[in-house]
Amino acid sequence: MARYDQFCALARAAEIVGERWTLLVVRELLLGPKRFTDLRGRLHGISTSILSERLSQLDKAGLVRRAFLEPPAASTVYELTEDGAALKPAVFELIRWGGRFLMPLRPGERVVPDWMRLALAAYSREGPSPAQSFNIRIPGDEAQAVIHVQGGPDGTTITSGPARADVDMTADFPTVLKLMVGITDPLDALRDGAVQAEGDLATLSTFSQLFDAARKETAPQAPKSPIID
């Protein structure tokens with residue numbers, strides 16, 4: 001682990017999470033506890049030795065611990081401690097900042113649909129939002145993600161779905177990003193075939209309102225933001 005020999009909280013943070021792959025390990029564990037093999041499969045390109053080293057460093061720093069899942073899973077998993085979970089606001093800020101540099105998709109880059117759950121959560125409206133709910137299915141090469149979005153007086157919540165919803169829709173990763181920000185009109189996307197949906201289709205027009213407009217300065221915007229091709 002790098003040491004900067006500086007009495008500075010940012011330097012301390014950089015010592016703990018600044019190594020290559022470390023924040024991406026945290027990203028995966030923010031989505032839920034995972035076995036070593038799960039992490040290895042989702043962190044495309046990481047070696048077994050580097051993953052072991054990063055997990056060991058996070059364990060020593062008190063950010064990650066091992067846990068045992070009861071049968072039928074009966075597996076050892078890695079999960080975030082309280083200090084590790086406290087990284088979530090910082091990770092969300094980095095997601096919002098990094099979104100402007102996301103697109104275009106580079107050759108060889110992997111897209112895991114479940115990552116959308118963190119992107120949606122990072123932009124979720126914290127104040128009152130329309131009391132509408134959506135199940136979003138995002139297809140992937142290996143697996144799809146199903147994400148539940150629920151608005152209401154206490155803000156927008158994002159959970160792993162499915163759950164009871166006003167609308168069930170299917171769209172790819174970039175299309176969901178455009179719908180979230182309001183760049184793409186959902187009814188236009190429905191007519192164009194970019195979105196398939198069932199349920200109360202009139203509520204599709206409220207989808208972008210479930211996300212915090214105050215954060216749009218860091219959200220993907222057309223045409224200047226590279227997150228949107």
# chains A, B, ... in the order shown; residues from 1 in each chain; ligands from 1
call {"tool": "residues_around", "arguments": {"residues": "region 9-14 of chain A", "least_positions_apart": "2", "cutoff": "12 Å", "atoms": "only C-alpha atoms", "output": "PDB file with N, CA and C atoms, in the first residue's frame"}}
result
ATOM      1  N   MET A   1       0.841  -1.187   0.000  1.00  0.00           N
ATOM      2  CA  MET A   1       0.000   0.000   0.000  1.00  0.00           C
ATOM      3  C   MET A   1       0.879   1.241   0.000  1.00  0.00           C
ATOM      4  N   ALA A   2       0.551   2.190  -0.873  1.00  0.00           N
ATOM      5  CA  ALA A   2       1.341   3.417  -0.964  1.00  0.00           C
ATOM      6  C   ALA A   2       1.166   4.256   0.296  1.00  0.00           C
ATOM      7  N   ARG A   3       2.250   4.929   0.701  1.00  0.00           N
ATOM      8  CA  ARG A   3       2.182   5.880   1.809  1.00  0.00           C
ATOM      9  C   ARG A   3       2.672   7.223   1.313  1.00  0.00           C
ATOM     10  N   TYR A   4       1.957   8.270   1.721  1.00  0.00           N
ATOM     11  CA  TYR A   4       2.300   9.605   1.247  1.00  0.00           C
ATOM     12  C   TYR A   4       3.010  10.439   2.305  1.00  0.00           C
ATOM     13  N   ASP A   5       3.069   9.963   3.557  1.00  0.00           N
ATOM     14  CA  ASP A   5       3.726  10.697   4.641  1.00  0.00           C
ATOM     15  C   ASP A   5       3.228  12.125   4.729  1.00  0.00           C
ATOM     16  N   GLN A   6       1.920  12.276   4.625  1.00  0.00           N
ATOM     17  CA  GLN A   6       1.284  13.590   4.744  1.00  0.00           C
ATOM     18  C   GLN A   6       0.150  13.492   5.746  1.00  0.00           C
ATOM     19  N   PHE A   7       0.119  14.417   6.725  1.00  0.00           N
ATOM     20  CA  PHE A   7      -0.952  14.431   7.720  1.00  0.00           C
ATOM     21  C   PHE A   7      -2.158  15.136   7.115  1.00  0.00           C
ATOM     22  N   ILE A  16      -5.693   4.230   1.244  1.00  0.00           N
ATOM     23  CA  ILE A  16      -6.553   3.065   1.447  1.00  0.00           C
ATOM     24  C   ILE A  16      -7.276   2.647   0.172  1.00  0.00           C
ATOM     25  N   VAL A  17      -7.803   3.624  -0.576  1.00  0.00           N
ATOM     26  CA  VAL A  17      -8.641   3.259  -1.732  1.00  0.00           C
ATOM     27  C   VAL A  17      -8.050   3.709  -3.070  1.00  0.00           C
ATOM     28  N   GLY A  18      -6.841   4.252  -3.050  1.00  0.00           N
ATOM     29  CA  GLY A  18      -6.273   4.786  -4.281  1.00  0.00           C
ATOM     30  C   GLY A  18      -5.575   3.773  -5.165  1.00  0.00           C
ATOM     31  N   GLU A  19      -5.375   2.553  -4.667  1.00  0.00           N
ATOM     32  CA  GLU A  19      -4.713   1.536  -5.486  1.00  0.00           C
ATOM     33  C   GLU A  19      -5.627   1.114  -6.637  1.00  0.00           C
ATOM     34  N   ARG A  20      -5.007   0.685  -7.734  1.00  0.00           N
ATOM     35  CA  ARG A  20      -5.763   0.198  -8.880  1.00  0.00           C
ATOM     36  C   ARG A  20      -6.689  -0.945  -8.466  1.00  0.00           C
ATOM     37  N   THR A  22      -9.128  -1.016  -6.400  1.00  0.00           N
ATOM     38  CA  THR A  22      -9.740  -1.000  -5.071  1.00  0.00           C
ATOM     39  C   THR A  22     -11.146  -0.419  -5.087  1.00  0.00           C
ATOM     40  N   LEU A  23     -11.343   0.718  -5.742  1.00  0.00           N
ATOM     41  CA  LEU A  23     -12.677   1.319  -5.774  1.00  0.00           C
ATOM     42  C   LEU A  23     -13.673   0.449  -6.534  1.00  0.00           C
ATOM     43  N   LEU A  58      -8.042  -4.247   2.110  1.00  0.00           N
ATOM     44  CA  LEU A  58      -9.297  -3.681   2.598  1.00  0.00           C
ATOM     45  C   LEU A  58      -9.700  -4.306   3.934  1.00  0.00           C
ATOM     46  N   ALA A  61      -7.603  -2.722   6.598  1.00  0.00           N
ATOM     47  CA  ALA A  61      -8.037  -1.344   6.835  1.00  0.00           C
ATOM     48  C   ALA A  61      -9.402  -1.283   7.520  1.00  0.00           C
ATOM     49  N   LEU A  63     -12.356  -2.181   6.137  1.00  0.00           N
ATOM     50  CA  LEU A  63     -13.429  -1.819   5.215  1.00  0.00           C
ATOM     51  C   LEU A  63     -14.201  -3.032   4.717  1.00  0.00           C
ATOM     52  N   ASP A  83     -17.476   1.011   8.069  1.00  0.00           N
ATOM     53  CA  ASP A  83     -16.542   1.985   7.476  1.00  0.00           C
ATOM     54  C   ASP A  83     -16.492   1.838   5.965  1.00  0.00           C
ATOM     55  N   GLY A  84     -16.578   0.605   5.469  1.00  0.00           N
ATOM     56  CA  GLY A  84     -16.579   0.408   4.027  1.00  0.00           C
ATOM     57  C   GLY A  84     -17.834   0.958   3.381  1.00  0.00           C
ATOM     58  N   LEU A  87     -18.277   4.618   2.390  1.00  0.00           N
ATOM     59  CA  LEU A  87     -17.725   5.142   1.134  1.00  0.00           C
ATOM     60  C   LEU A  87     -18.816   5.440   0.101  1.00  0.00           C
ATOM     61  N   ALA A  90     -19.175   8.996  -1.320  1.00  0.00           N
ATOM     62  CA  ALA A  90     -18.016   9.360  -2.144  1.00  0.00           C
ATOM     63  C   ALA A  90     -18.068   8.647  -3.483  1.00  0.00           C
TER      64      ALA A  90
END
call {"tool": "select_by_dssp", "arguments": {"residues": "region 132-215 of chain A", "states": "helix (DSSP H, G or I)", "output": "PDB file with C-alpha atoms, in the first residue's frame"}}
result
ATOM      1  CA  PHE A 173     -27.862   0.558 -20.581  1.00  0.00           C
ATOM      2  CA  PRO A 174     -27.397   3.752 -22.682  1.00  0.00           C
ATOM      3  CA  THR A 175     -31.141   4.135 -23.213  1.00  0.00           C
ATOM      4  CA  VAL A 176     -31.844   3.973 -19.482  1.00  0.00           C
ATOM      5  CA  LEU A 177     -29.208   6.674 -18.909  1.00  0.00           C
ATOM      6  CA  LYS A 178     -30.899   8.912 -21.476  1.00  0.00           C
ATOM      7  CA  LEU A 179     -34.303   8.308 -19.927  1.00  0.00           C
ATOM      8  CA  MET A 180     -32.950   9.072 -16.457  1.00  0.00           C
ATOM      9  CA  VAL A 181     -31.632  12.470 -17.499  1.00  0.00           C
ATOM     10  CA  PRO A 186     -39.769   7.733 -23.138  1.00  0.00           C
ATOM     11  CA  LEU A 187     -42.832   7.692 -25.397  1.00  0.00           C
ATOM     12  CA  ASP A 188     -40.609   8.405 -28.409  1.00  0.00           C
ATOM     13  CA  ALA A 189     -38.268   5.603 -27.280  1.00  0.00           C
ATOM     14  CA  LEU A 190     -41.290   3.333 -26.974  1.00  0.00           C
ATOM     15  CA  ARG A 191     -42.431   4.118 -30.498  1.00  0.00           C
ATOM     16  CA  ASP A 192     -38.893   3.684 -31.850  1.00  0.00           C
ATOM     17  CA  LEU A 201     -47.596   3.718 -20.149  1.00  0.00           C
ATOM     18  CA  ALA A 202     -48.689   7.307 -19.442  1.00  0.00           C
ATOM     19  CA  THR A 203     -46.484   7.253 -16.322  1.00  0.00           C
ATOM     20  CA  LEU A 204     -43.384   6.813 -18.487  1.00  0.00           C
ATOM     21  CA  SER A 205     -43.369  10.582 -18.968  1.00  0.00           C
ATOM     22  CA  THR A 206     -42.587  11.030 -15.251  1.00  0.00           C
ATOM     23  CA  PHE A 207     -39.523   8.771 -15.203  1.00  0.00           C
ATOM     24  CA  SER A 208     -36.860  11.493 -15.343  1.00  0.00           C
ATOM     25  CA  GLN A 209     -38.664  13.374 -12.546  1.00  0.00           C
ATOM     26  CA  LEU A 210     -37.655  10.644 -10.112  1.00  0.00           C
ATOM     27  CA  ALA A 213     -32.638  17.894 -11.241  1.00  0.00           C
ATOM     28  CA  ALA A 214     -30.235  19.768  -8.958  1.00  0.00           C
ATOM     29  CA  ARG A 215     -27.539  17.294  -9.978  1.00  0.00           C
TER      30      ARG A 215
END
call {"tool": "closest_residue", "arguments": {"among": "A:Val77, A:Val64, A:Leu24, A:Ala197", "to": "Asp38 (chain A)", "atoms": "only C-alpha atoms"}}
result
A:Val77
call {"tool": "closest_residue", "arguments": {"among": "A:Asp212, A:Glu79, A:Asp172, A:Glu93", "to": "Pro33 (chain A)", "atoms": "only C-alpha atoms"}}
result
A:Glu79
call {"tool": "atom_distance", "arguments": {"atom1": "CA of Phe211 (chain A)", "atom2": "CA of Leu30 (chain A)"}}
result
19.9 Å
call {"tool": "select_by_dssp", "arguments": {"residues": "region 34-186 of chain A", "states": "strand (DSSP E or B)", "output": "PDB file with C-alpha atoms, in the first residue's frame"}}
result
ATOM      1  CA  LYS A  34     -20.002 -11.543  -3.116  1.00  0.00           C
ATOM      2  CA  VAL A  64     -14.185  -5.427   4.241  1.00  0.00           C
ATOM      3  CA  ARG A  65     -14.858  -8.593   6.226  1.00  0.00           C
ATOM      4  CA  ARG A  66     -15.658 -12.205   5.457  1.00  0.00           C
ATOM      5  CA  ALA A  67     -19.091 -13.612   6.192  1.00  0.00           C
ATOM      6  CA  PHE A  68     -20.671 -17.033   5.783  1.00  0.00           C
ATOM      7  CA  THR A  76     -17.971 -17.565   2.232  1.00  0.00           C
ATOM      8  CA  VAL A  77     -18.516 -14.064   0.915  1.00  0.00           C
ATOM      9  CA  TYR A  78     -16.905 -10.666   1.261  1.00  0.00           C
ATOM     10  CA  GLU A  79     -18.999  -7.752   2.508  1.00  0.00           C
ATOM     11  CA  LEU A  80     -18.427  -4.141   3.475  1.00  0.00           C
ATOM     12  CA  SER A 124     -32.053   9.540  -7.221  1.00  0.00           C
ATOM     13  CA  SER A 133     -42.863   2.845  -9.772  1.00  0.00           C
ATOM     14  CA  PHE A 134     -40.960   1.046 -12.502  1.00  0.00           C
ATOM     15  CA  ASN A 135     -39.347  -2.325 -13.028  1.00  0.00           C
ATOM     16  CA  ILE A 136     -36.429  -1.896 -15.436  1.00  0.00           C
ATOM     17  CA  ARG A 137     -34.965  -4.918 -17.193  1.00  0.00           C
ATOM     18  CA  ILE A 138     -31.532  -4.305 -18.670  1.00  0.00           C
ATOM     19  CA  ALA A 145     -30.491  -6.891 -14.260  1.00  0.00           C
ATOM     20  CA  VAL A 146     -33.940  -6.116 -12.925  1.00  0.00           C
ATOM     21  CA  ILE A 147     -34.077  -2.846 -11.012  1.00  0.00           C
ATOM     22  CA  HIS A 148     -37.043  -1.407  -9.138  1.00  0.00           C
ATOM     23  CA  VAL A 149     -37.461   2.380  -9.053  1.00  0.00           C
ATOM     24  CA  GLN A 150     -40.011   3.808  -6.608  1.00  0.00           C
ATOM     25  CA  THR A 157     -35.535   4.537  -3.883  1.00  0.00           C
ATOM     26  CA  ILE A 158     -33.619   2.052  -6.022  1.00  0.00           C
ATOM     27  CA  THR A 159     -33.668  -1.631  -5.191  1.00  0.00           C
ATOM     28  CA  SER A 160     -32.943  -4.913  -6.862  1.00  0.00           C
ATOM     29  CA  VAL A 167     -44.685  -0.043 -15.535  1.00  0.00           C
ATOM     30  CA  ASP A 168     -42.431  -2.933 -16.521  1.00  0.00           C
ATOM     31  CA  MET A 169     -39.928  -1.849 -19.145  1.00  0.00           C
ATOM     32  CA  THR A 170     -36.923  -3.241 -20.936  1.00  0.00           C
TER      33      THR A 170
END
call {"tool": "residues_around", "arguments": {"residues": "Gly41 (chain A)", "least_positions_apart": "3", "cutoff": "12 Å", "atoms": "only C-alpha atoms", "output": "ChimeraX atom specification"}}
result
/A:25,28,34-38,44-48,51,110,112,142
call {"tool": "write_last_selection", "arguments": {"atoms": "C-alpha atoms", "output": "tab-separated table (two decimals), in the first residue's frame"}}
result
chain	number	residue	atom	x	y	z
A	25	VAL	CA	-14.01	-3.86	-5.54
A	28	GLU	CA	-19.15	-4.52	-6.39
A	34	LYS	CA	-20.00	-11.54	-3.12
A	35	ARG	CA	-17.89	-14.65	-3.25
A	36	PHE	CA	-14.30	-14.37	-4.44
A	37	THR	CA	-15.25	-16.06	-7.71
A	38	ASP	CA	-18.11	-13.58	-8.21
A	44	HIS	CA	-12.89	-8.32	-15.90
A	45	GLY	CA	-9.11	-8.16	-16.30
A	46	ILE	CA	-8.08	-8.46	-12.65
A	47	SER	CA	-5.74	-11.29	-11.73
A	48	THR	CA	-6.44	-13.67	-8.86
A	51	LEU	CA	-7.80	-9.41	-6.16
A	110	ARG	CA	-17.47	-4.77	-20.51
A	112	VAL	CA	-22.58	-5.27	-16.50
A	142	GLU	CA	-24.24	-13.01	-19.54
